[in-house]
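Novice: Below is the file model28.cif, with mmCIF, C-alpha atoms.
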```cif
data_query
loop_
_atom_site.label_atom_id
_atom_site.label_comp_id
_atom_site.auth_asym_id
_atom_site.auth_seq_id
_atom_site.Cartn_x
_atom_site.Cartn_y
_atom_site.Cartn_z
CA MET R 14 27.70 -101.13 39.86
CA SER R 15 29.16 -100.61 36.41
CA THR R 16 31.18 -97.52 35.59
CA LEU R 17 29.46 -95.75 32.73
CA ALA R 18 30.21 -92.35 31.28
CA PRO R 19 27.65 -89.97 32.83
CA PRO R 20 24.72 -88.75 30.69
CA SER R 21 25.64 -85.79 28.48
CA PHE R 22 22.84 -83.72 26.94
CA THR R 23 22.64 -80.46 24.98
CA ILE R 24 19.48 -78.39 24.93
CA ARG R 25 18.61 -77.63 21.31
CA VAL R 26 15.83 -77.86 18.71
CA PRO R 27 15.97 -81.33 17.08
CA GLU R 28 15.53 -81.60 13.30
CA GLY R 29 11.85 -81.45 12.37
CA ASP R 30 10.84 -80.07 15.76
CA GLU R 31 9.88 -76.55 16.84
CA ARG R 32 10.90 -76.53 20.49
CA GLU R 33 14.09 -76.98 22.43
CA ARG R 34 14.59 -80.48 23.82
CA ARG R 35 17.39 -82.31 25.62
CA VAL R 36 19.43 -84.17 22.97
CA CYS R 37 22.15 -86.72 23.83
CA ASN R 38 25.61 -85.69 22.61
CA ARG R 39 26.62 -89.32 22.08
CA CYS R 40 23.68 -90.90 20.26
CA GLY R 41 21.23 -88.13 19.34
CA PHE R 42 18.48 -89.56 21.58
CA VAL R 43 15.81 -86.88 22.17
CA ASP R 44 14.54 -86.75 25.74
CA TYR R 45 10.97 -85.57 25.09
CA ARG R 46 9.51 -84.36 28.35
CA ASN R 47 5.78 -84.10 28.80
CA PRO R 48 3.51 -82.94 31.57
CA LYS R 49 2.66 -85.63 34.08
CA ILE R 50 -0.70 -86.86 35.24
CA VAL R 51 -1.29 -87.31 38.96
CA VAL R 52 -4.28 -89.42 39.99
CA GLY R 53 -5.64 -89.59 43.51
CA SER R 54 -8.72 -89.78 45.66
CA VAL R 55 -10.41 -88.33 48.69
CA VAL R 56 -11.46 -91.54 50.44
CA ARG R 57 -14.25 -91.59 52.99
CA ALA R 58 -15.20 -94.39 55.36
CA SER R 59 -18.24 -93.79 57.60
CA GLY R 60 -17.90 -90.08 56.79
CA ARG R 61 -14.28 -89.88 57.96
CA ILE R 62 -11.42 -89.06 55.58
CA LEU R 63 -8.38 -91.27 55.01
CA LEU R 64 -5.05 -89.44 55.11
CA CYS R 65 -1.52 -90.84 54.82
CA ARG R 66 1.59 -89.40 56.47
CA ARG R 67 4.35 -89.43 53.86
CA ALA R 68 7.39 -91.64 54.50
CA ILE R 69 9.25 -90.19 51.49
CA GLU R 70 10.51 -86.85 50.26
CA PRO R 71 9.32 -84.38 49.22
CA ARG R 72 7.32 -83.32 52.28
CA ARG R 73 8.19 -86.36 54.40
CA GLY R 74 6.11 -86.41 57.59
CA PHE R 75 3.27 -84.36 56.12
CA TRP R 76 -0.24 -85.65 55.46
CA THR R 77 -1.66 -86.33 52.01
CA ILE R 78 -4.43 -88.14 50.18
CA PRO R 79 -3.55 -91.39 48.33
CA ALA R 80 -2.21 -90.10 44.99
CA GLY R 81 0.66 -90.55 42.57
CA TYR R 82 1.71 -90.63 38.93
CA LEU R 83 -0.45 -92.40 36.39
CA GLU R 84 1.47 -95.30 34.85
CA LEU R 85 1.58 -96.37 31.20
CA ASN R 86 -1.53 -98.17 29.90
CA GLU R 87 -3.62 -97.25 32.94
CA THR R 88 -6.94 -95.46 33.00
CA PRO R 89 -7.09 -92.62 35.58
CA GLU R 90 -9.61 -94.63 37.64
CA ASP R 91 -7.33 -97.69 37.64
CA GLY R 92 -4.40 -95.48 38.64
CA ALA R 93 -6.28 -93.94 41.55
CA ARG R 94 -7.28 -97.42 42.76
CA ARG R 95 -3.67 -98.62 42.49
CA GLU R 96 -2.33 -95.66 44.46
CA ALA R 97 -4.87 -96.23 47.25
CA ARG R 98 -3.88 -99.90 47.35
CA GLU R 99 -0.12 -99.18 47.33
CA GLU R 100 -0.06 -96.28 49.79
CA ALA R 101 -2.89 -97.26 52.10
CA GLY R 102 -3.72 -100.95 51.50
CA ALA R 103 -7.18 -99.65 50.67
CA ALA R 104 -9.66 -101.23 48.22
CA ILE R 105 -11.56 -98.10 47.24
CA ALA R 106 -14.78 -97.74 45.23
CA ILE R 107 -14.64 -94.64 43.03
CA ARG R 108 -17.78 -92.48 43.04
CA ARG R 109 -16.93 -89.74 40.53
CA LEU R 110 -14.39 -87.15 39.40
CA LEU R 111 -14.05 -84.49 42.12
CA ALA R 112 -11.53 -82.13 40.52
CA VAL R 113 -9.11 -81.41 37.72
CA TYR R 114 -6.23 -79.30 39.03
CA SER R 115 -3.16 -78.07 37.22
CA VAL R 116 0.21 -77.01 38.60
CA PRO R 117 1.87 -75.62 35.47
CA ARG R 118 5.15 -74.67 37.12
CA ILE R 119 5.94 -78.35 37.60
CA SER R 120 3.88 -79.47 34.58
CA GLN R 121 1.32 -81.50 36.49
CA VAL R 122 -2.33 -82.17 35.78
CA GLN R 123 -4.14 -83.81 38.68
CA LEU R 124 -7.32 -85.88 38.40
CA ILE R 125 -8.82 -86.34 41.86
CA PHE R 126 -11.76 -88.65 42.52
CA ARG R 127 -14.28 -89.05 45.34
CA ALA R 128 -14.16 -92.57 46.71
CA ASP R 129 -15.57 -94.80 49.42
CA LEU R 130 -13.86 -97.55 51.35
CA PRO R 131 -16.54 -100.26 51.53
CA ASP R 132 -14.71 -102.64 53.90
CA GLY R 133 -13.18 -99.86 56.01
CA GLU R 134 -9.77 -101.55 55.93
CA ALA R 135 -6.44 -99.78 55.45
CA ARG R 136 -2.79 -100.29 56.41
CA PRO R 137 0.27 -98.16 55.60
CA GLY R 138 2.25 -99.01 52.44
CA ILE R 139 6.02 -98.51 52.22
CA GLU R 140 5.65 -94.85 51.25
CA THR R 141 3.43 -94.17 54.26
CA LEU R 142 4.52 -93.64 57.89
CA GLU R 143 1.04 -93.68 59.38
CA LEU R 144 -2.63 -93.71 58.37
CA ARG R 145 -5.54 -92.08 60.08
CA PHE R 146 -9.25 -91.43 59.47
CA PHE R 147 -10.06 -87.80 60.29
CA GLY R 148 -13.35 -86.04 60.82
CA PHE R 149 -13.33 -82.83 58.75
CA ASP R 150 -12.80 -80.71 61.90
CA GLU R 151 -9.83 -82.84 62.94
CA ILE R 152 -7.85 -82.48 59.69
CA PRO R 153 -4.29 -81.27 60.46
CA TRP R 154 -4.50 -78.31 58.04
CA ASP R 155 -1.06 -76.98 58.96
CA GLU R 156 0.55 -80.35 58.32
CA LEU R 157 -0.82 -81.11 54.84
CA ALA R 158 1.78 -81.90 52.20
CA PHE R 159 0.64 -79.89 49.17
CA PRO R 160 -1.71 -77.04 48.20
CA SER R 161 -3.80 -79.42 46.10
CA VAL R 162 -4.44 -81.59 49.19
CA HIS R 163 -6.01 -78.53 50.83
CA TRP R 164 -8.07 -77.88 47.70
CA ALA R 165 -9.28 -81.46 47.37
CA LEU R 166 -10.32 -81.76 51.02
CA ARG R 167 -12.28 -78.50 50.89
CA HIS R 168 -13.86 -79.33 47.55
CA ASP R 169 -14.82 -82.79 48.79
CA ALA R 170 -16.53 -81.15 51.77
CA GLU R 171 -18.43 -78.86 49.38
CA ALA R 172 -19.50 -81.89 47.35
CA GLU R 173 -20.60 -83.66 50.54
CA ALA R 174 -22.63 -80.55 51.42
CA GLY R 175 -24.52 -80.78 48.13
CA ALA R 176 -22.50 -78.88 45.50
CA PRO R 177 -23.46 -80.08 41.99
CA PRO R 178 -21.31 -82.95 40.67
CA ILE R 179 -19.21 -80.75 38.38
CA PRO R 180 -15.46 -81.19 38.86
CA PHE R 181 -13.73 -78.35 40.63
CA GLY R 182 -10.63 -76.65 39.23
CA ASN R 183 -7.86 -74.70 40.94
CA PRO R 184 -9.22 -72.09 43.36
CA ASP R 185 -9.26 -68.67 41.68
CA GLY R 186 -5.81 -67.32 40.97
CA GLN R 187 -3.98 -70.23 42.57
CA ALA R 188 -1.32 -72.15 40.68
CA GLY R 189 -0.33 -74.59 43.43
CA ASP R 190 2.96 -72.89 44.34
CA VAL R 191 2.04 -71.62 47.80
CA LEU R 192 0.46 -73.23 50.87
CA PRO R 193 -2.49 -71.47 52.55
CA SER R 194 -0.06 -70.43 55.33
CA GLY R 195 1.85 -68.39 52.74
CA GLN R 196 4.76 -70.82 52.70
CA ARG R 197 6.23 -71.22 49.23
CA LEU R 198 7.14 -74.83 48.47
CA ALA R 199 10.45 -75.94 46.99
CA ASP R 200 10.19 -76.82 43.31
CA ASP R 201 10.42 -80.53 44.03
CA ALA R 202 7.62 -80.29 46.57
CA LEU R 203 5.00 -78.54 44.49
CA MET I 14 24.60 -84.12 10.14
CA SER I 15 27.06 -85.57 12.61
CA THR I 16 27.68 -89.31 12.77
CA LEU I 17 26.75 -90.47 16.23
CA ALA I 18 26.53 -94.00 17.54
CA PRO I 19 22.83 -94.91 17.50
CA PRO I 20 20.89 -95.01 20.80
CA SER I 21 21.33 -98.30 22.68
CA PHE I 22 18.89 -99.14 25.47
CA THR I 23 18.22 -102.18 27.64
CA ILE I 24 14.83 -102.71 29.27
CA ARG I 25 15.40 -103.40 32.97
CA VAL I 26 14.41 -102.29 36.47
CA PRO I 27 16.69 -99.39 37.49
CA GLU I 28 18.09 -99.32 41.04
CA GLY I 29 15.52 -97.99 43.51
CA ASP I 30 12.66 -98.48 41.05
CA GLU I 31 9.95 -101.15 40.85
CA ARG I 32 9.14 -101.23 37.14
CA GLU I 33 11.03 -101.97 33.96
CA ARG I 34 12.32 -98.89 32.15
CA ARG I 35 14.54 -98.25 29.14
CA VAL I 36 18.08 -97.69 30.46
CA CYS I 37 20.97 -96.46 28.27
CA ASN I 38 23.81 -98.97 27.96
CA ARG I 39 26.39 -96.18 27.64
CA CYS I 40 25.49 -93.68 30.36
CA GLY I 41 22.75 -95.23 32.53
CA PHE I 42 20.20 -92.58 31.55
CA VAL I 43 16.70 -93.80 32.45
CA ASP I 44 14.06 -93.02 29.83
CA TYR I 45 11.02 -92.64 32.09
CA ARG I 46 7.90 -92.79 29.97
CA ASN I 47 4.65 -91.41 31.21
CA PRO I 48 1.13 -91.22 29.88
CA LYS I 49 0.50 -88.17 27.73
CA ILE I 50 -2.15 -85.52 28.05
CA VAL I 51 -4.06 -84.47 24.93
CA VAL I 52 -5.97 -81.19 25.12
CA GLY I 53 -8.52 -80.08 22.56
CA SER I 54 -11.83 -78.38 21.98
CA VAL I 55 -15.12 -78.65 20.17
CA VAL I 56 -15.35 -75.14 18.71
CA ARG I 57 -18.66 -73.63 17.67
CA ALA I 58 -19.28 -70.46 15.67
CA SER I 59 -22.92 -69.50 15.08
CA GLY I 60 -23.87 -73.06 16.05
CA ARG I 61 -21.58 -74.65 13.44
CA ILE I 62 -18.64 -76.84 14.40
CA LEU I 63 -15.04 -76.21 13.33
CA LEU I 64 -13.23 -79.26 11.97
CA CYS I 65 -9.71 -79.54 10.52
CA ARG I 66 -8.61 -81.99 7.84
CA ARG I 67 -5.26 -83.43 8.95
CA ALA I 68 -2.19 -82.65 6.82
CA ILE I 69 -0.02 -85.05 8.84
CA GLU I 70 0.10 -88.71 9.74
CA PRO I 71 -1.42 -90.56 11.44
CA ARG I 72 -4.81 -90.33 9.70
CA ARG I 73 -3.77 -87.74 7.10
CA GLY I 74 -6.80 -86.48 5.16
CA PHE I 75 -9.28 -87.28 7.95
CA TRP I 76 -11.20 -84.68 9.92
CA THR I 77 -10.52 -83.84 13.56
CA ILE I 78 -11.12 -81.22 16.23
CA PRO I 79 -8.24 -78.88 17.14
CA ALA I 80 -6.25 -80.93 19.68
CA GLY I 81 -2.72 -81.99 20.53
CA TYR I 82 -0.26 -82.77 23.30
CA LEU I 83 -0.10 -80.51 26.34
CA GLU I 84 3.33 -78.90 26.56
CA LEU I 85 5.48 -78.36 29.65
CA ASN I 86 4.36 -75.55 31.99
CA GLU I 87 0.97 -75.18 30.30
CA THR I 88 -2.44 -75.37 31.89
CA PRO I 89 -4.90 -77.57 29.96
CA GLU I 90 -6.94 -74.49 28.99
CA ASP I 91 -3.83 -72.71 27.69
CA GLY I 92 -2.89 -75.83 25.73
CA ALA I 93 -6.34 -76.10 24.13
CA ARG I 94 -6.17 -72.42 23.13
CA ARG I 95 -2.68 -72.91 21.66
CA GLU I 96 -3.74 -75.94 19.62
CA ALA I 97 -6.75 -74.06 18.18
CA ARG I 98 -4.44 -71.18 17.28
CA GLU I 99 -1.77 -73.42 15.71
CA GLU I 100 -4.03 -75.80 13.79
CA ALA I 101 -6.88 -73.46 12.86
CA GLY I 102 -5.69 -69.87 13.40
CA ALA I 103 -8.62 -69.65 15.80
CA ALA I 104 -8.82 -67.43 18.91
CA ILE I 105 -11.22 -69.54 20.94
CA ALA I 106 -13.04 -68.70 24.18
CA ILE I 107 -13.30 -71.78 26.41
CA ARG I 108 -16.67 -72.38 28.02
CA ARG I 109 -16.08 -75.45 30.16
CA LEU I 110 -14.68 -79.00 30.33
CA LEU I 111 -16.75 -81.24 28.04
CA ALA I 112 -15.05 -84.60 28.59
CA VAL I 113 -12.20 -86.58 30.10
CA TYR I 114 -11.40 -89.56 27.89
CA SER I 115 -8.70 -92.16 28.29
CA VAL I 116 -7.11 -94.40 25.68
CA PRO I 117 -5.01 -96.68 27.90
CA ARG I 118 -3.54 -98.77 25.10
CA ILE I 119 -1.57 -95.75 23.91
CA SER I 120 -1.37 -94.17 27.40
CA GLN I 121 -3.38 -91.06 26.60
CA VAL I 122 -5.67 -88.97 28.78
CA GLN I 123 -7.68 -86.44 26.80
CA LEU I 124 -9.18 -83.25 28.24
CA ILE I 125 -11.70 -81.84 25.75
CA PHE I 126 -13.34 -78.44 26.23
CA ARG I 127 -16.40 -76.73 24.77
CA ALA I 128 -15.40 -73.45 23.13
CA ASP I 129 -16.77 -70.55 21.11
CA LEU I 130 -15.08 -68.62 18.34
CA PRO I 131 -16.13 -65.02 19.08
CA ASP I 132 -14.71 -63.42 15.92
CA GLY I 133 -15.62 -66.34 13.65
CA GLU I 134 -12.18 -66.29 12.03
CA ALA I 135 -10.08 -69.35 11.19
CA ARG I 136 -7.41 -70.36 8.67
CA PRO I 137 -5.53 -73.65 8.28
CA GLY I 138 -2.22 -74.04 10.13
CA ILE I 139 0.66 -76.12 8.74
CA GLU I 140 -0.76 -79.37 10.16
CA THR I 141 -4.14 -78.72 8.51
CA LEU I 142 -5.12 -79.26 4.84
CA GLU I 143 -8.50 -77.60 5.03
CA LEU I 144 -10.94 -76.12 7.54
CA ARG I 145 -14.69 -76.15 7.48
CA PHE I 146 -17.62 -75.24 9.71
CA PHE I 147 -20.17 -78.05 9.73
CA GLY I 148 -23.75 -78.17 10.88
CA PHE I 149 -24.20 -81.30 13.07
CA ASP I 150 -26.06 -83.09 10.25
CA GLU I 151 -23.26 -82.33 7.79
CA ILE I 152 -20.43 -83.84 9.85
CA PRO I 153 -18.47 -86.37 7.73
CA TRP I 154 -18.83 -89.18 10.26
CA ASP I 155 -17.08 -91.76 8.09
CA GLU I 156 -14.09 -89.49 7.61
CA LEU I 157 -13.32 -88.59 11.22
CA ALA I 158 -9.76 -89.25 12.34
CA PHE I 159 -10.17 -90.90 15.76
CA PRO I 160 -12.82 -92.57 17.94
CA SER I 161 -12.54 -89.75 20.49
CA VAL I 162 -13.49 -87.20 17.79
CA HIS I 163 -16.75 -89.11 17.35
CA TRP I 164 -17.29 -89.16 21.10
CA ALA I 165 -16.56 -85.46 21.56
CA LEU I 166 -18.88 -84.36 18.74
CA ARG I 167 -21.76 -86.49 20.05
CA HIS I 168 -21.17 -85.40 23.65
CA ASP I 169 -21.00 -81.74 22.59
CA ALA I 170 -24.37 -82.17 20.87
CA GLU I 171 -25.80 -83.69 24.08
CA ALA I 172 -24.44 -80.71 26.03
CA GLU I 173 -25.97 -78.33 23.49
CA ALA I 174 -29.29 -80.14 23.93
CA GLY I 175 -29.23 -79.49 27.67
CA ALA I 176 -27.29 -82.33 29.33
CA PRO I 177 -26.00 -81.23 32.75
CA PRO I 178 -22.50 -79.69 32.68
CA ILE I 179 -20.78 -82.79 34.04
CA PRO I 180 -17.82 -83.95 31.92
CA PHE I 181 -18.44 -87.05 29.87
CA GLY I 182 -16.09 -90.04 29.94
CA ASN I 183 -15.49 -92.81 27.39
CA PRO I 184 -18.75 -94.32 26.09
CA ASP I 185 -19.47 -97.54 27.99
CA GLY I 186 -17.03 -100.31 27.24
CA GLN I 187 -15.04 -98.30 24.69
CA ALA I 188 -11.28 -97.91 25.01
CA GLY I 189 -10.68 -95.85 21.88
CA ASP I 190 -9.19 -98.67 19.80
CA VAL I 191 -11.98 -99.07 17.25
CA LEU I 192 -13.90 -96.63 15.02
CA PRO I 193 -17.73 -96.79 15.01
CA SER I 194 -17.46 -98.45 11.57
CA GLY I 195 -15.69 -101.37 13.26
CA GLN I 196 -12.32 -100.43 11.76
CA ARG I 197 -9.46 -101.06 14.18
CA LEU I 198 -6.87 -98.28 14.06
CA ALA I 199 -3.14 -98.85 13.80
CA ASP I 200 -1.37 -98.35 17.11
CA ASP I 201 0.07 -95.03 16.00
CA ALA I 202 -3.36 -93.80 14.98
CA LEU I 203 -5.32 -94.47 18.14
#
```
Could you show the structure in this file as structure tokens?
Specialist:
Amino acid sequence: MSTLAPPSFTIRVPEGDERERRVCNRCGFVDYRNPKIVVGSVVRASGRILLCRRAIEPRRGFWTIPAGYLELNETPEDGARREAREEAGAAIAIRRLLAVYSVPRISQVQLIFRADLPDGEARPGIETLELRFFGFDEIPWDELAFPSVHWALRHDAEAEAGAPPIPFGNPDGQAGDVLPSGQRLADDAL
Amino acid sequence: MSTLAPPSFTIRVPEGDERERRVCNRCGFVDYRNPKIVVGSVVRASGRILLCRRAIEPRRGFWTIPAGYLELNETPEDGARREAREEAGAAIAIRRLLAVYSVPRISQVQLIFRADLPDGEARPGIETLELRFFGFDEIPWDELAFPSVHWALRHDAEAEAGAPPIPFGNPDGQAGDVLPSGQRLADDAL
């Protein structure tokens, strides 16, 4: 461990810009922050749905679909395949785009795909405590990690029941801040 | 103008991370870079399509649809409306998602909407040299700014002709690096 001076930023409008940004007081570096893209998938094997119990915060111990941040130089499909491989050891086959959700309070856009698991094989990655394949009626609704996991599982069921293949968006009036139980999530867990 | 030491970064894997990032040599600040989200719209008024001639680099002087980077805390729809307002003084009404494109080489995901212009009014913003409403047969195909502008205009025409309302993706095998003329764009102009 080296001993560096801690980061020191001022929030101001950089020259030639129109919005406030974080600017380093020592070197003038501008920390442009942009919304982030989350990619994930609802994965089915023999009709059952793959869920992962999170080994990391936020929402450690709660169930989620394989999903995470898109990396540089990745397509969304490649990112969703990588997340399924990393979190669930799963070699998924993407079928189509299920949904485009947005959670503006934390500046996230989520692209969620429908996927199959042709070989049926999965094992927990290091960010996953436990994996399980659930029938729709067995899903632990009160133990899901995020509002968008609820949305994706319900929308995937609608797609399975024959809804046209048009991507879903956020349910009416919902911004992803509150779980169906009414519980408001901490900012870092939205 | 103050005289600051210039930024000084080393590319390395920060503690607790798995990928190389730019890390400040003075304060340890990690410059996480993420893919960026572009939002835009194909805007029609009385069947004609609104295009903007770019007043800024890259691709100054070439025609484009109103589009730009999604800002923090915006939904994609709000961002597309803001870009149409800023670049074309246009109060658009979004109809639906036309396309999700990705240009992995420059880490972009593009969400392009179909939109109407109910009051028919538009005027160039500061990033726009000139505005015009084109019939499809009048579009200056050889003077379009980016490959994805080509894609969006052709996909919008397919939608207008009755294609089902499923968002389009990149045309087969295309990654957004090359114009239909075969011209390869500079990295900053992809």
Novice: Decode the PyMOL selection byres ((chain I) within 10 of (chain R)) for the given file into explicit residues and return them as a PDB file with C-alpha atoms, in the coordinates of the input.
Specialist:
```
ATOM      1  CA  MET I  14      24.600 -84.120  10.140  1.00  0.00           C
ATOM      2  CA  SER I  15      27.060 -85.570  12.610  1.00  0.00           C
ATOM      3  CA  THR I  16      27.680 -89.310  12.770  1.00  0.00           C
ATOM      4  CA  LEU I  17      26.750 -90.470  16.230  1.00  0.00           C
ATOM      5  CA  ALA I  18      26.530 -94.000  17.540  1.00  0.00           C
ATOM      6  CA  PRO I  19      22.830 -94.910  17.500  1.00  0.00           C
ATOM      7  CA  PRO I  20      20.890 -95.010  20.800  1.00  0.00           C
ATOM      8  CA  SER I  21      21.330 -98.300  22.680  1.00  0.00           C
ATOM      9  CA  GLU I  28      18.090 -99.320  41.040  1.00  0.00           C
ATOM     10  CA  ARG I  32       9.140-101.230  37.140  1.00  0.00           C
ATOM     11  CA  CYS I  37      20.970 -96.460  28.270  1.00  0.00           C
ATOM     12  CA  ASN I  38      23.810 -98.970  27.960  1.00  0.00           C
ATOM     13  CA  ARG I  39      26.390 -96.180  27.640  1.00  0.00           C
ATOM     14  CA  CYS I  40      25.490 -93.680  30.360  1.00  0.00           C
ATOM     15  CA  GLY I  41      22.750 -95.230  32.530  1.00  0.00           C
ATOM     16  CA  PHE I  42      20.200 -92.580  31.550  1.00  0.00           C
ATOM     17  CA  VAL I  43      16.700 -93.800  32.450  1.00  0.00           C
ATOM     18  CA  ASP I  44      14.060 -93.020  29.830  1.00  0.00           C
ATOM     19  CA  TYR I  45      11.020 -92.640  32.090  1.00  0.00           C
ATOM     20  CA  ARG I  46       7.900 -92.790  29.970  1.00  0.00           C
ATOM     21  CA  ASN I  47       4.650 -91.410  31.210  1.00  0.00           C
ATOM     22  CA  PRO I  48       1.130 -91.220  29.880  1.00  0.00           C
ATOM     23  CA  LYS I  49       0.500 -88.170  27.730  1.00  0.00           C
ATOM     24  CA  ILE I  50      -2.150 -85.520  28.050  1.00  0.00           C
ATOM     25  CA  TYR I  82      -0.260 -82.770  23.300  1.00  0.00           C
ATOM     26  CA  LEU I  83      -0.100 -80.510  26.340  1.00  0.00           C
ATOM     27  CA  GLU I  84       3.330 -78.900  26.560  1.00  0.00           C
ATOM     28  CA  LEU I  85       5.480 -78.360  29.650  1.00  0.00           C
ATOM     29  CA  ASN I  86       4.360 -75.550  31.990  1.00  0.00           C
ATOM     30  CA  GLU I  87       0.970 -75.180  30.300  1.00  0.00           C
ATOM     31  CA  THR I  88      -2.440 -75.370  31.890  1.00  0.00           C
ATOM     32  CA  PRO I  89      -4.900 -77.570  29.960  1.00  0.00           C
ATOM     33  CA  GLU I  90      -6.940 -74.490  28.990  1.00  0.00           C
ATOM     34  CA  LEU I 110     -14.680 -79.000  30.330  1.00  0.00           C
ATOM     35  CA  VAL I 113     -12.200 -86.580  30.100  1.00  0.00           C
ATOM     36  CA  TYR I 114     -11.400 -89.560  27.890  1.00  0.00           C
ATOM     37  CA  SER I 115      -8.700 -92.160  28.290  1.00  0.00           C
ATOM     38  CA  VAL I 116      -7.110 -94.400  25.680  1.00  0.00           C
ATOM     39  CA  PRO I 117      -5.010 -96.680  27.900  1.00  0.00           C
ATOM     40  CA  ARG I 118      -3.540 -98.770  25.100  1.00  0.00           C
ATOM     41  CA  ILE I 119      -1.570 -95.750  23.910  1.00  0.00           C
ATOM     42  CA  SER I 120      -1.370 -94.170  27.400  1.00  0.00           C
ATOM     43  CA  GLN I 121      -3.380 -91.060  26.600  1.00  0.00           C
ATOM     44  CA  VAL I 122      -5.670 -88.970  28.780  1.00  0.00           C
ATOM     45  CA  LEU I 124      -9.180 -83.250  28.240  1.00  0.00           C
ATOM     46  CA  PRO I 177     -26.000 -81.230  32.750  1.00  0.00           C
ATOM     47  CA  PRO I 178     -22.500 -79.690  32.680  1.00  0.00           C
ATOM     48  CA  ILE I 179     -20.780 -82.790  34.040  1.00  0.00           C
ATOM     49  CA  PRO I 180     -17.820 -83.950  31.920  1.00  0.00           C
ATOM     50  CA  ALA I 188     -11.280 -97.910  25.010  1.00  0.00           C
TER      51      ALA I 188
END
```
Novice: Evaluate the PyMOL selection byres ((chain R and resi 94-96) around 8) and record the selected residues as an mmCIF file with C-alpha atoms, in the coordinates of the input, following the chain and residue labels used in the document.
Specialist:
```
data_model
loop_
_atom_site.group_PDB
_atom_site.id
_atom_site.type_symbol
_atom_site.label_atom_id
_atom_site.label_comp_id
_atom_site.auth_asym_id
_atom_site.auth_seq_id
_atom_site.Cartn_x
_atom_site.Cartn_y
_atom_site.Cartn_z
ATOM 1 C CA VAL R 52 -4.280 -89.420 39.990
ATOM 2 C CA GLY R 53 -5.640 -89.590 43.510
ATOM 3 C CA PRO R 79 -3.550 -91.390 48.330
ATOM 4 C CA ALA R 80 -2.210 -90.100 44.990
ATOM 5 C CA GLY R 81 0.660 -90.550 42.570
ATOM 6 C CA GLU R 90 -9.610 -94.630 37.640
ATOM 7 C CA ASP R 91 -7.330 -97.690 37.640
ATOM 8 C CA GLY R 92 -4.400 -95.480 38.640
ATOM 9 C CA ALA R 93 -6.280 -93.940 41.550
ATOM 10 C CA ALA R 97 -4.870 -96.230 47.250
ATOM 11 C CA ARG R 98 -3.880 -99.900 47.350
ATOM 12 C CA GLU R 99 -0.120 -99.180 47.330
ATOM 13 C CA GLU R 100 -0.060 -96.280 49.790
ATOM 14 C CA ALA R 101 -2.890 -97.260 52.100
ATOM 15 C CA ALA R 104 -9.660 -101.230 48.220
ATOM 16 C CA ILE R 105 -11.560 -98.100 47.240
ATOM 17 C CA ALA R 106 -14.780 -97.740 45.230
ATOM 18 C CA ILE R 107 -14.640 -94.640 43.030
#
```
Novice: Would you write out, as a VMD selection string, every residue that the PyMOL selection byres ((chain I and resi 148) around 12) captures in this file?
Specialist: chain I and resid 56 to 64 145 to 147 149 to 153 166 170
Novice: Kindly give the distance, in Å, that separates atom CA of I:Gly189 and atom CA of I:Ala103, rounded to a single decimal.
Specialist: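 Distance between the two atoms: 27.0 Å.
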Novice: With distances taken over all atoms listed in the file, which residue among R:Arg167, R:Arg127, R:Arg197, R:Arg136 lies nearest R:Ser54?
Specialist: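 Between R:Arg167, R:Arg127, R:Arg197, R:Arg136, the residue approaching R:Ser54 most closely is R:Arg127.
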Novice: For the atom pair atom CA of I:Ile139 and atom CA of R:Gly29, what is the interatomic distance in Å to one decimal place?
Specialist: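 Atom CA of R:Gly29 lies 12.9 Å from atom CA of I:Ile139.
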Novice: Report the distance between atom CA of I:Asn183 and atom CA of R:Pro184 in Å, rounded to one decimal place.
Specialist: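 Here the two named atoms are 26.9 Å from each other.
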Novice: Which residue gives the smallest distance to I:Gly74 among I:Ala165, I:Ile24, I:Leu144, I:Val36, with all atoms listed in the file counted?
Specialist: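 Closest to I:Gly74 of all the choices is I:Leu144.
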Novice: Since the input lacks atoms, please generate N, CA and C atoms for stretch 26-33 of chain R and provide them as an mmCIF file, keeping the file's coordinate frame.
Specialist:
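Written out: out-v5.cif:
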```cif
data_model
loop_
_atom_site.group_PDB
_atom_site.id
_atom_site.type_symbol
_atom_site.label_atom_id
_atom_site.label_comp_id
_atom_site.auth_asym_id
_atom_site.auth_seq_id
_atom_site.Cartn_x
_atom_site.Cartn_y
_atom_site.Cartn_z
ATOM 1 N N VAL R 26 17.007 -77.474 19.472
ATOM 2 C CA VAL R 26 15.830 -77.860 18.710
ATOM 3 C C VAL R 26 16.205 -79.001 17.773
ATOM 4 N N PRO R 27 15.640 -80.207 17.987
ATOM 5 C CA PRO R 27 15.970 -81.330 17.080
ATOM 6 C C PRO R 27 15.422 -81.059 15.681
ATOM 7 N N GLU R 28 16.030 -81.696 14.679
ATOM 8 C CA GLU R 28 15.530 -81.600 13.300
ATOM 9 C C GLU R 28 14.051 -81.959 13.243
ATOM 10 N N GLY R 29 13.266 -81.144 12.545
ATOM 11 C CA GLY R 29 11.850 -81.450 12.370
ATOM 12 C C GLY R 29 10.987 -81.078 13.551
ATOM 13 N N ASP R 30 11.587 -80.480 14.574
ATOM 14 C CA ASP R 30 10.840 -80.070 15.760
ATOM 15 C C ASP R 30 10.767 -78.543 15.788
ATOM 16 N N GLU R 31 9.993 -78.006 16.737
ATOM 17 C CA GLU R 31 9.880 -76.550 16.840
ATOM 18 C C GLU R 31 10.296 -76.034 18.200
ATOM 19 N N ARG R 32 10.568 -76.948 19.130
ATOM 20 C CA ARG R 32 10.900 -76.530 20.490
ATOM 21 C C ARG R 32 12.222 -77.123 20.926
ATOM 22 N N GLU R 33 12.846 -76.461 21.876
ATOM 23 C CA GLU R 33 14.090 -76.980 22.430
ATOM 24 C C GLU R 33 13.824 -78.247 23.238
#
```
